[in-house]
>>> print(open('final_9.txt').read())   # compact mmCIF, C-alpha atoms
# COMPACT_ATOMS: atom_id res chain seq x y z
CA MET A 263 -48.49 0.33 23.21
CA PHE A 264 -48.39 3.56 21.29
CA HIS A 265 -51.38 5.88 21.61
CA PHE A 266 -51.30 8.56 18.91
CA SER A 267 -54.23 10.23 17.18
CA ARG A 268 -54.31 10.13 13.38
CA LYS A 269 -53.77 13.90 13.34
CA ALA A 270 -50.71 13.54 15.57
CA LEU A 271 -49.27 10.81 13.37
CA LEU A 272 -49.69 12.93 10.26
CA HIS A 273 -48.06 15.81 12.08
CA ILE A 274 -45.08 13.60 12.98
CA GLY A 275 -44.80 12.42 9.39
CA VAL A 276 -44.56 15.99 8.18
CA LEU A 277 -42.01 17.13 10.73
CA GLN A 278 -39.65 14.14 10.50
CA PRO A 279 -37.50 13.22 7.50
CA PRO A 280 -39.25 10.73 5.15
CA GLN A 281 -37.06 7.81 6.17
CA GLN A 282 -37.67 8.35 9.89
CA ALA A 283 -41.38 8.78 9.29
CA ASP A 284 -41.50 5.49 7.36
CA SER A 285 -39.57 3.76 10.12
CA LEU A 286 -41.96 5.09 12.76
CA ARG A 287 -45.01 3.93 10.82
CA LEU A 288 -43.47 0.48 10.47
CA LEU A 289 -42.78 0.24 14.20
CA LEU A 290 -46.34 1.34 14.92
CA ARG A 291 -47.50 -1.49 12.72
CA PHE A 292 -45.64 -3.90 14.99
CA SER A 293 -47.90 -2.91 17.87
CA SER A 294 -51.13 -3.21 15.92
CA THR A 295 -50.69 -6.26 13.68
CA SER A 296 -47.99 -8.34 15.38
CA SER A 297 -48.03 -10.41 18.52
CA LYS A 298 -46.65 -8.89 21.68
CA SER A 299 -43.65 -11.26 21.50
CA GLN A 300 -42.87 -10.31 17.91
CA SER A 301 -43.18 -6.61 18.69
CA PHE A 302 -40.79 -6.99 21.61
CA THR A 303 -38.33 -8.94 19.46
CA ALA A 304 -38.49 -6.42 16.63
CA SER A 305 -37.93 -3.50 18.98
CA TYR A 306 -34.94 -5.28 20.50
CA LEU A 307 -33.47 -5.96 17.06
CA VAL A 308 -33.70 -2.26 16.24
CA ASP A 309 -32.51 -0.90 19.58
CA SER A 310 -29.81 -3.44 20.52
CA CYS A 311 -28.67 -4.91 17.21
CA GLY A 312 -28.88 -1.91 14.92
CA LEU A 313 -31.27 -3.46 12.40
CA SER A 314 -33.51 -1.27 10.31
CA PRO A 315 -37.22 -1.51 11.15
CA GLU A 316 -37.80 -3.37 7.88
CA SER A 317 -35.07 -5.93 8.60
CA ALA A 318 -36.23 -6.24 12.21
CA LEU A 319 -39.78 -7.02 11.11
CA SER A 320 -38.53 -9.72 8.77
CA ALA A 321 -36.13 -11.16 11.34
CA SER A 322 -38.76 -11.19 14.10
CA LYS A 323 -40.66 -13.80 12.11
CA LEU A 324 -37.68 -16.15 12.40
CA VAL A 325 -36.74 -15.65 16.06
CA LYS A 326 -38.79 -14.66 19.10
CA PHE A 327 -37.97 -14.01 22.74
CA GLU A 328 -39.77 -12.35 25.62
CA THR A 329 -36.73 -11.39 27.69
CA THR A 330 -33.37 -10.00 26.68
CA SER A 331 -31.19 -12.35 28.74
CA ARG A 332 -30.38 -14.86 25.97
CA PRO A 333 -29.86 -12.39 23.09
CA ASP A 334 -27.86 -10.11 25.40
CA ALA A 335 -25.60 -13.06 26.24
CA VAL A 336 -25.14 -13.91 22.55
CA ILE A 337 -24.26 -10.33 21.68
CA GLY A 338 -21.87 -10.36 24.63
CA VAL A 339 -20.06 -13.33 23.10
CA PHE A 340 -19.61 -11.45 19.83
CA LYS A 341 -18.37 -8.33 21.59
CA ASN A 342 -15.91 -10.34 23.69
CA GLN A 343 -14.53 -11.86 20.50
CA GLY A 344 -13.88 -8.40 19.08
CA PHE A 345 -16.78 -8.15 16.64
CA THR A 346 -17.81 -4.59 15.78
CA PRO A 347 -21.41 -3.35 16.14
CA THR A 348 -21.71 -3.29 12.35
CA GLN A 349 -20.55 -6.89 12.09
CA ILE A 350 -22.94 -8.00 14.84
CA SER A 351 -25.83 -6.25 13.11
CA HIS A 352 -24.95 -7.95 9.82
CA ILE A 353 -24.79 -11.39 11.45
CA VAL A 354 -28.12 -10.97 13.24
CA ARG A 355 -29.83 -9.67 10.13
CA ARG A 356 -28.71 -12.64 8.06
CA PHE A 357 -29.08 -15.28 10.78
CA PRO A 358 -31.57 -14.07 13.42
CA ALA A 359 -31.81 -17.52 15.03
CA VAL A 360 -28.30 -17.05 16.40
CA LEU A 361 -29.83 -14.90 19.16
CA SER A 362 -31.55 -18.02 20.52
CA ALA A 363 -28.34 -20.05 20.69
CA ASP A 364 -26.91 -21.12 24.03
CA PRO A 365 -23.66 -19.18 24.41
CA ASP A 366 -21.96 -21.72 26.67
CA LYS A 367 -23.15 -24.94 25.06
CA THR A 368 -23.36 -23.88 21.40
CA LEU A 369 -21.42 -20.75 20.46
CA LEU A 370 -18.33 -20.75 22.64
CA PRO A 371 -17.37 -24.40 21.92
CA LYS A 372 -17.37 -23.60 18.19
CA VAL A 373 -15.31 -20.48 18.74
CA SER A 374 -12.90 -22.43 20.94
CA PHE A 375 -12.47 -25.13 18.31
CA LEU A 376 -11.66 -22.64 15.56
CA ARG A 377 -9.26 -20.80 17.84
CA SER A 378 -7.56 -24.07 18.72
CA ARG A 379 -6.82 -24.60 15.02
CA GLY A 380 -5.14 -21.18 14.80
CA ILE A 381 -7.79 -18.79 13.53
CA SER A 382 -7.25 -15.17 14.62
CA ASP A 383 -9.76 -12.61 15.92
CA LEU A 384 -9.95 -10.85 12.56
CA GLU A 385 -10.24 -14.13 10.66
CA LEU A 386 -13.01 -15.38 12.95
CA ALA A 387 -15.01 -12.20 12.44
CA LYS A 388 -14.49 -12.32 8.68
CA LEU A 389 -15.63 -15.96 8.56
CA VAL A 390 -18.80 -15.46 10.60
CA VAL A 391 -19.74 -12.24 8.82
CA ALA A 392 -19.34 -13.96 5.45
CA VAL A 393 -21.38 -17.04 6.44
CA PRO A 394 -23.34 -16.33 9.66
CA LYS A 395 -25.19 -19.65 9.42
CA ILE A 396 -21.91 -21.43 10.05
CA LEU A 397 -22.72 -20.91 13.74
CA GLY A 398 -25.77 -23.09 13.22
CA ARG A 399 -23.68 -26.03 12.04
CA SER A 400 -23.10 -28.92 14.45
CA LEU A 401 -19.64 -28.82 15.98
CA LYS A 402 -19.12 -32.58 16.24
CA GLN A 403 -21.04 -33.67 13.17
CA HIS A 404 -19.95 -30.97 10.73
CA LEU A 405 -17.38 -28.34 11.73
CA VAL A 406 -14.78 -30.69 13.19
CA PRO A 407 -14.87 -33.34 10.43
CA THR A 408 -15.09 -30.74 7.67
CA PHE A 409 -12.13 -28.77 9.02
CA HIS A 410 -10.11 -31.98 9.36
CA TYR A 411 -10.96 -32.96 5.78
CA ILE A 412 -9.74 -29.60 4.46
CA SER A 413 -6.66 -29.70 6.68
CA ASN A 414 -5.74 -33.21 5.56
CA LEU A 415 -6.29 -32.28 1.93
CA LEU A 416 -4.08 -29.18 2.18
CA GLN A 417 -1.64 -30.86 4.57
CA SER A 418 -1.77 -28.23 7.32
CA ASP A 419 -4.18 -26.36 9.60
CA GLU A 420 -2.59 -23.08 8.55
CA LYS A 421 -3.42 -23.67 4.88
CA ALA A 422 -6.89 -24.90 5.81
CA ILE A 423 -7.59 -21.61 7.60
CA ALA A 424 -6.24 -19.62 4.64
CA ALA A 425 -8.53 -21.55 2.27
CA ILE A 426 -11.52 -21.05 4.57
CA ILE A 427 -10.96 -17.30 4.89
CA ARG A 428 -10.67 -16.93 1.11
CA ALA A 429 -13.78 -19.05 0.48
CA PRO A 430 -15.74 -19.26 3.78
CA ARG A 431 -18.43 -21.54 2.35
CA ILE A 432 -15.85 -24.31 2.15
CA LEU A 433 -16.31 -24.84 5.90
CA TYR A 434 -20.09 -24.45 5.79
CA GLU A 435 -20.95 -26.80 2.93
CA ASP A 436 -20.78 -30.59 3.07
CA PRO A 437 -17.47 -31.54 1.42
CA GLN A 438 -18.88 -34.88 0.32
CA ALA A 439 -21.47 -33.02 -1.76
CA GLU A 440 -19.44 -30.02 -2.94
CA LEU A 441 -15.72 -30.76 -2.90
CA VAL A 442 -15.26 -34.50 -3.29
CA PRO A 443 -17.11 -34.95 -6.64
CA GLU A 444 -15.14 -32.16 -8.36
CA ILE A 445 -11.84 -33.28 -6.88
CA THR A 446 -12.55 -36.80 -8.10
CA THR A 447 -13.20 -35.41 -11.58
CA LEU A 448 -9.95 -33.44 -11.55
CA ARG A 449 -8.02 -36.54 -10.53
CA SER A 450 -9.67 -38.55 -13.30
CA VAL A 451 -8.20 -36.27 -16.00
CA GLY A 452 -4.74 -36.31 -14.49
CA VAL A 453 -4.57 -33.09 -12.47
CA PRO A 454 -1.72 -33.55 -9.94
CA GLU A 455 -2.51 -33.46 -6.22
CA ALA A 456 -0.35 -30.36 -5.75
CA ASN A 457 -2.44 -28.47 -8.32
CA ILE A 458 -5.70 -29.64 -6.76
CA ARG A 459 -4.44 -28.32 -3.43
CA HIS A 460 -3.56 -25.03 -5.12
CA LEU A 461 -7.11 -24.74 -6.47
CA VAL A 462 -8.70 -25.46 -3.09
CA LEU A 463 -6.29 -23.15 -1.26
CA TYR A 464 -6.60 -20.12 -3.54
CA HIS A 465 -9.81 -20.55 -5.53
CA GLY A 466 -12.15 -22.64 -3.39
CA GLN A 467 -15.19 -20.65 -4.47
CA ILE A 468 -15.27 -22.38 -7.87
CA PHE A 469 -16.54 -25.56 -6.22
CA TRP A 470 -19.93 -23.99 -5.42
CA CYS A 471 -21.51 -24.72 -8.78
CA ARG A 472 -23.42 -27.50 -10.46
CA SER A 473 -21.30 -30.56 -11.20
CA SER A 474 -22.40 -30.36 -14.83
CA GLN A 475 -21.13 -26.76 -15.08
CA PHE A 476 -17.81 -27.76 -13.52
CA ASP A 477 -17.42 -30.63 -15.98
CA GLU A 478 -18.35 -28.46 -18.96
CA THR A 479 -15.84 -25.79 -17.99
CA MET A 480 -13.11 -28.37 -17.42
CA ASN A 481 -13.73 -29.83 -20.89
CA ARG A 482 -13.65 -26.32 -22.36
CA VAL A 483 -10.28 -25.66 -20.77
CA LYS A 484 -8.94 -28.93 -22.15
CA ALA A 485 -10.25 -28.02 -25.61
CA MET A 486 -8.33 -24.73 -25.43
CA GLY A 487 -5.13 -26.72 -25.29
CA PHE A 488 -4.32 -26.63 -21.58
CA ASP A 489 -2.45 -29.61 -20.18
CA PRO A 490 -4.19 -30.99 -17.04
CA CYS A 491 -0.76 -31.77 -15.62
CA LYS A 492 0.24 -28.08 -15.60
CA LEU A 493 -0.73 -25.46 -13.01
CA ASN A 494 -2.09 -23.22 -15.76
CA PHE A 495 -4.91 -25.74 -16.24
CA VAL A 496 -6.48 -25.11 -12.83
CA THR A 497 -5.76 -21.37 -13.12
CA ALA A 498 -7.63 -21.25 -16.42
CA LEU A 499 -10.45 -23.26 -14.84
CA HIS A 500 -10.71 -20.69 -12.06
CA VAL A 501 -10.71 -17.74 -14.49
CA ILE A 502 -13.39 -19.15 -16.80
CA MET A 503 -15.58 -20.30 -13.92
CA GLY A 504 -15.46 -16.77 -12.54
CA MET A 505 -16.95 -14.94 -15.51
CA SER A 506 -19.95 -15.11 -17.79
CA GLU A 507 -19.71 -15.71 -21.52
CA LEU A 508 -20.73 -12.07 -22.05
CA MET A 509 -17.82 -10.85 -19.91
CA TRP A 510 -15.44 -13.20 -21.72
CA ARG A 511 -16.47 -11.67 -25.06
CA LYS A 512 -16.04 -8.16 -23.63
CA LYS A 513 -12.46 -8.93 -22.58
CA ILE A 514 -11.68 -10.26 -26.07
CA SER A 515 -13.15 -7.06 -27.51
CA VAL A 516 -10.95 -4.89 -25.25
CA TYR A 517 -7.80 -6.67 -26.38
CA GLY A 518 -9.10 -6.48 -29.94
CA LYS A 519 -8.92 -2.68 -29.77
CA TRP A 520 -5.16 -3.08 -29.46
CA GLY A 521 -4.88 -5.23 -32.55
CA TRP A 522 -5.16 -8.66 -30.97
CA SER A 523 -7.18 -11.20 -32.91
CA GLU A 524 -9.24 -13.74 -30.98
CA GLU A 525 -6.57 -16.34 -31.68
CA VAL A 526 -3.87 -14.00 -30.30
CA VAL A 527 -5.99 -13.53 -27.16
CA LEU A 528 -6.26 -17.30 -26.73
CA VAL A 529 -2.51 -17.70 -27.17
CA ALA A 530 -1.95 -15.06 -24.48
CA PHE A 531 -4.53 -16.77 -22.26
CA ARG A 532 -2.72 -20.08 -22.61
CA LYS A 533 0.55 -18.39 -21.62
CA HIS A 534 -0.90 -16.61 -18.60
CA PRO A 535 -4.61 -17.20 -17.86
CA MET A 536 -4.87 -14.34 -15.35
CA CYS A 537 -4.63 -11.83 -18.21
CA MET A 538 -8.34 -12.52 -18.79
CA ALA A 539 -9.21 -11.99 -15.12
CA LEU A 540 -8.18 -8.33 -15.23
CA SER A 541 -10.79 -5.59 -15.37
CA GLU A 542 -11.43 -3.89 -18.69
CA SER A 543 -10.05 -0.62 -17.31
CA LYS A 544 -6.84 -2.31 -16.09
CA ILE A 545 -6.28 -3.94 -19.48
CA THR A 546 -6.82 -0.64 -21.27
CA ALA A 547 -4.54 1.34 -18.94
CA ALA A 548 -1.68 -1.18 -19.12
CA MET A 549 -1.89 -1.54 -22.89
CA ASP A 550 -2.06 2.23 -23.32
CA PHE A 551 1.14 2.66 -21.32
CA PHE A 552 3.07 -0.08 -23.10
CA VAL A 553 1.96 0.92 -26.59
CA ASN A 554 1.49 4.70 -26.48
CA VAL A 555 4.05 5.67 -23.82
CA VAL A 556 6.78 3.06 -24.07
CA GLY A 557 6.25 2.58 -27.79
CA LEU A 558 6.04 -1.21 -27.96
CA ASP A 559 4.11 -3.12 -30.59
CA SER A 560 0.98 -4.54 -28.95
CA LEU A 561 1.87 -8.03 -30.21
CA VAL A 562 5.06 -7.89 -28.14
CA ILE A 563 2.80 -7.73 -25.08
CA SER A 564 0.66 -10.62 -26.34
CA GLN A 565 3.75 -12.80 -26.13
CA ARG A 566 4.33 -11.61 -22.56
CA PRO A 567 0.81 -11.30 -21.05
CA LEU A 568 2.18 -11.57 -17.51
CA ALA A 569 3.41 -7.98 -17.99
CA ILE A 570 -0.16 -6.65 -18.00
CA THR A 571 -1.02 -8.18 -14.63
CA PHE A 572 1.41 -6.18 -12.50
CA SER A 573 0.36 -3.10 -10.54
CA LEU A 574 0.21 -0.12 -12.87
CA GLY A 575 1.39 2.45 -10.33
CA LYS A 576 3.87 0.39 -8.35
CA ARG A 577 5.47 -1.72 -11.06
CA ILE A 578 4.45 -1.09 -14.67
CA VAL A 579 4.88 2.71 -14.81
CA PRO A 580 8.03 3.07 -12.62
CA ARG A 581 9.93 0.19 -14.22
CA GLY A 582 8.37 0.75 -17.63
CA SER A 583 9.67 4.31 -17.61
CA VAL A 584 13.20 3.03 -17.03
CA PHE A 585 12.66 0.44 -19.75
CA GLN A 586 11.55 3.18 -22.16
CA VAL A 587 14.77 5.16 -21.66
CA LEU A 588 16.98 2.10 -22.04
CA LEU A 589 15.09 0.96 -25.11
CA SER A 590 15.30 4.39 -26.76
CA LYS A 591 19.09 4.39 -26.28
CA GLY A 592 19.42 0.90 -27.71
CA LEU A 593 20.78 -0.43 -24.41
CA ILE A 594 18.24 -3.26 -24.12
CA LYS A 595 15.83 -5.14 -26.39
CA PRO A 596 12.03 -5.49 -26.13
CA CYS A 597 12.46 -9.09 -24.98
CA SER A 598 13.94 -7.76 -21.71
CA LEU A 599 10.56 -6.37 -20.62
CA LEU A 600 9.36 -9.40 -18.66
CA THR A 601 12.66 -9.83 -16.84
CA LEU A 602 12.65 -6.14 -15.92
CA LEU A 603 9.13 -6.41 -14.49
CA THR A 604 9.51 -9.68 -12.61
CA VAL A 605 12.88 -9.42 -10.86
CA THR A 606 13.15 -8.31 -7.23
CA GLU A 607 13.64 -4.66 -6.38
CA LYS A 608 17.29 -5.24 -5.56
CA LYS A 609 17.98 -7.09 -8.82
CA PHE A 610 16.08 -4.49 -10.83
CA LEU A 611 18.13 -1.60 -9.45
CA GLU A 612 21.39 -3.49 -9.95
CA LYS A 613 20.70 -4.79 -13.45
CA PHE A 614 18.65 -2.02 -15.05
CA VAL A 615 19.51 1.19 -13.17
CA THR A 616 22.98 1.13 -11.59
CA THR A 617 24.52 -0.69 -14.56
CA TYR A 618 23.42 2.01 -17.00
CA LEU A 619 23.94 5.17 -14.94
CA GLY A 620 26.94 6.05 -17.11
CA GLU A 621 24.86 6.04 -20.30
CA ALA A 622 21.64 7.30 -18.67
CA PRO A 623 22.38 9.19 -15.42
CA GLN A 624 18.72 10.23 -15.03
CA LEU A 625 17.48 6.68 -14.47
CA LEU A 626 17.57 6.60 -10.67
CA ALA A 627 15.84 9.97 -10.31
CA LEU A 628 13.25 8.96 -12.91
CA TYR A 629 12.51 5.71 -11.15
CA ASN A 630 12.26 7.33 -7.72
CA GLU A 631 9.95 10.01 -9.15
CA LYS A 632 7.57 7.41 -10.64
CA MET A 633 7.63 5.32 -7.47
CA GLY A 634 6.86 8.43 -5.45
CA LEU A 635 3.76 9.05 -7.54
CA ALA A 636 2.59 5.52 -6.74
CA CYS A 637 2.78 6.06 -2.96
>>> encode(input="final_9.txt", output="structure tokens")
Amino acid sequence: MFHFSRKALLHIGVLQPPQQADSLRLLLRFSSTSSKSQSFTASYLVDSCGLSPESALSASKLVKFETTSRPDAVIGVFKNQGFTPTQISHIVRRFPAVLSADPDKTLLPKVSFLRSRGISDLELAKLVVAVPKILGRSLKQHLVPTFHYISNLLQSDEKAIAAIIRAPRILYEDPQAELVPEITTLRSVGVPEANIRHLVLYHGQIFWCRSSQFDETMNRVKAMGFDPCKLNFVTALHVIMGMSELMWRKKISVYGKWGWSEEVVLVAFRKHPMCMALSESKITAAMDFFVNVVGLDSLVISQRPLAITFSLGKRIVPRGSVFQVLLSKGLIKPCSLLTLLTVTEKKFLEKFVTTYLGEAPQLLALYNEKMGLAC
């Protein structure tokens, strides 16, 4: 118990920084309004797990212990698996009940199972930090069958782990409730199995929505003219599911500043859906370079929207600068832009630099200079 006079407490509040004073007052409240067990738990959460007093107070209502043996053992498991103090604190704050778990009977078997499927130390930490409550899932009744479902769907454990790390909830949620209905819907409109696997592998997060929203978005994508048999269909589904209608209108407005009508934007979207997933600043910077630096008509880019999606510093500016010189000398045509941006480094140097050194000897130095700026 703390035994401070009111005068002493006020004195402490004046001398300590406001945040520390608030924290002290909160801890004092533990001793006066909380049970002894809750006060002990809250103090432990602050001292051993790095929680703030406010988070500790909240967490102590969900987990209680009178000795440190069990929570110490749980924290020991995390430390032995390579989790950082910050990660452990995050996990405990979001899932306090984990400190009551039996390390040998509950936690370690789950860790062992995931390791047996090929998950690495870093991947394990990333998974648990993203969805701490996954450690509360039954090993036999949920984790094992769910992992096997994902693995069978994607045709390998390696791809299952990749999908889980990209969208950790895919292992936490019940696939019969979240995945199966949407996959059934995709199959019903003719989406090939390979494209369904692509969606689960790279964009699994889109399945965590209402079935009605999924169906509405799928119908919207079909109405835009996407063929369910093509990969672009599921890519467009992912892009639209990932943004609000307000954000969609903002992206159209950004392209509109470069002379694209809404119909031109939709044509570009049908060619390469990821052009609408770019940030407003990335769209503006790429278009500014192509139009104001290279000198291309903005509609040339609308026919080649893939060009906007490359890294500005590592691809667009270095190769675009070479393109600008070649274009100004009449050595290539605007239609060569996409080829120039997409070929491998070796092919680019052979086809667009070495070949033209006689007509433009500065090309290699120019390219190296722009690449150096990107490093």
>>> residues_around(input="final_9.txt", residues="A:Pro365", least_positions_apart="5", cutoff="12 Å", atoms="all atoms listed in the file", output="PyMOL selection string")
chain A and resi 331-340+342+360+370-374+397
>>> residues_around(input="final_9.txt", residues="A:Thr348", least_positions_apart="4", cutoff="12 Å", atoms="all atoms listed in the file", output="PyMOL selection string")
chain A and resi 310-313+337+340-341+344+352-355+387+391
>>> closest_residue(input="final_9.txt", among="A:Asn457, A:Ser413, A:Ser450, A:Thr606", to="A:His500", atoms="all atoms listed in the file")
A:Asn457
>>> residues_around(input="final_9.txt", residues="stretch 620-628 of chain A", least_positions_apart="6", cutoff="10 Å", atoms="only C-alpha atoms", output="VMD selection string")
chain A and resid 580 to 581 583 to 585 587 to 588 591 593 611 614 634
>>> atom_distance(input="final_9.txt", atom1="atom CA of A:Ile570", atom2="atom CA of A:Cys537")
6.8 Å
>>> closest_residue(input="final_9.txt", among="A:Ile350, A:Ile423, A:Leu324, A:Val516", to="A:Arg377", atoms="all atoms listed in the file")
A:Ile423
>>> residues_around(input="final_9.txt", residues="A:Arg459", least_positions_apart="6", cutoff="10 Å", atoms="all atoms listed in the file", output="ChimeraX atom specification")
/A:412,415-417,421,425,445,465-466
>>> atom_distance(input="final_9.txt", atom1="atom CA of A:Glu631", atom2="atom CA of A:Ile545")
23.8 Å
>>> atom_distance(input="final_9.txt", atom1="atom CA of A:Val483", atom2="atom CA of A:Ile502")
8.2 Å
>>> closest_residue(input="final_9.txt", among="A:Ser541, A:Ser523, A:Thr604, A:Thr368", to="A:Met509", atoms="all atoms listed in the file")
A:Ser541
>>> residues_around(input="final_9.txt", residues="A:Glu607", least_positions_apart="6", cutoff="12 Å", atoms="all atoms listed in the file", output="ChimeraX atom specification")
/A:576-577,580-581,601,613-615,629,633
>>> closest_residue(input="final_9.txt", among="A:Lys519, A:Lys326, A:His404, A:Lys492", to="A:Tyr306", atoms="all atoms listed in the file")
A:Lys326
>>> closest_residue(input="final_9.txt", among="A:Leu568, A:Leu508, A:Ile427, A:Ala498", to="A:Ala392", atoms="all atoms listed in the file")
A:Ile427
>>> residues_near_point(input="final_9.txt", point="(-2.9, -24.9, 14.4)", cutoff="9 Å", atoms="all atoms listed in the file", output="VMD selection string")
chain A and resid 377 to 381 418 to 420 423
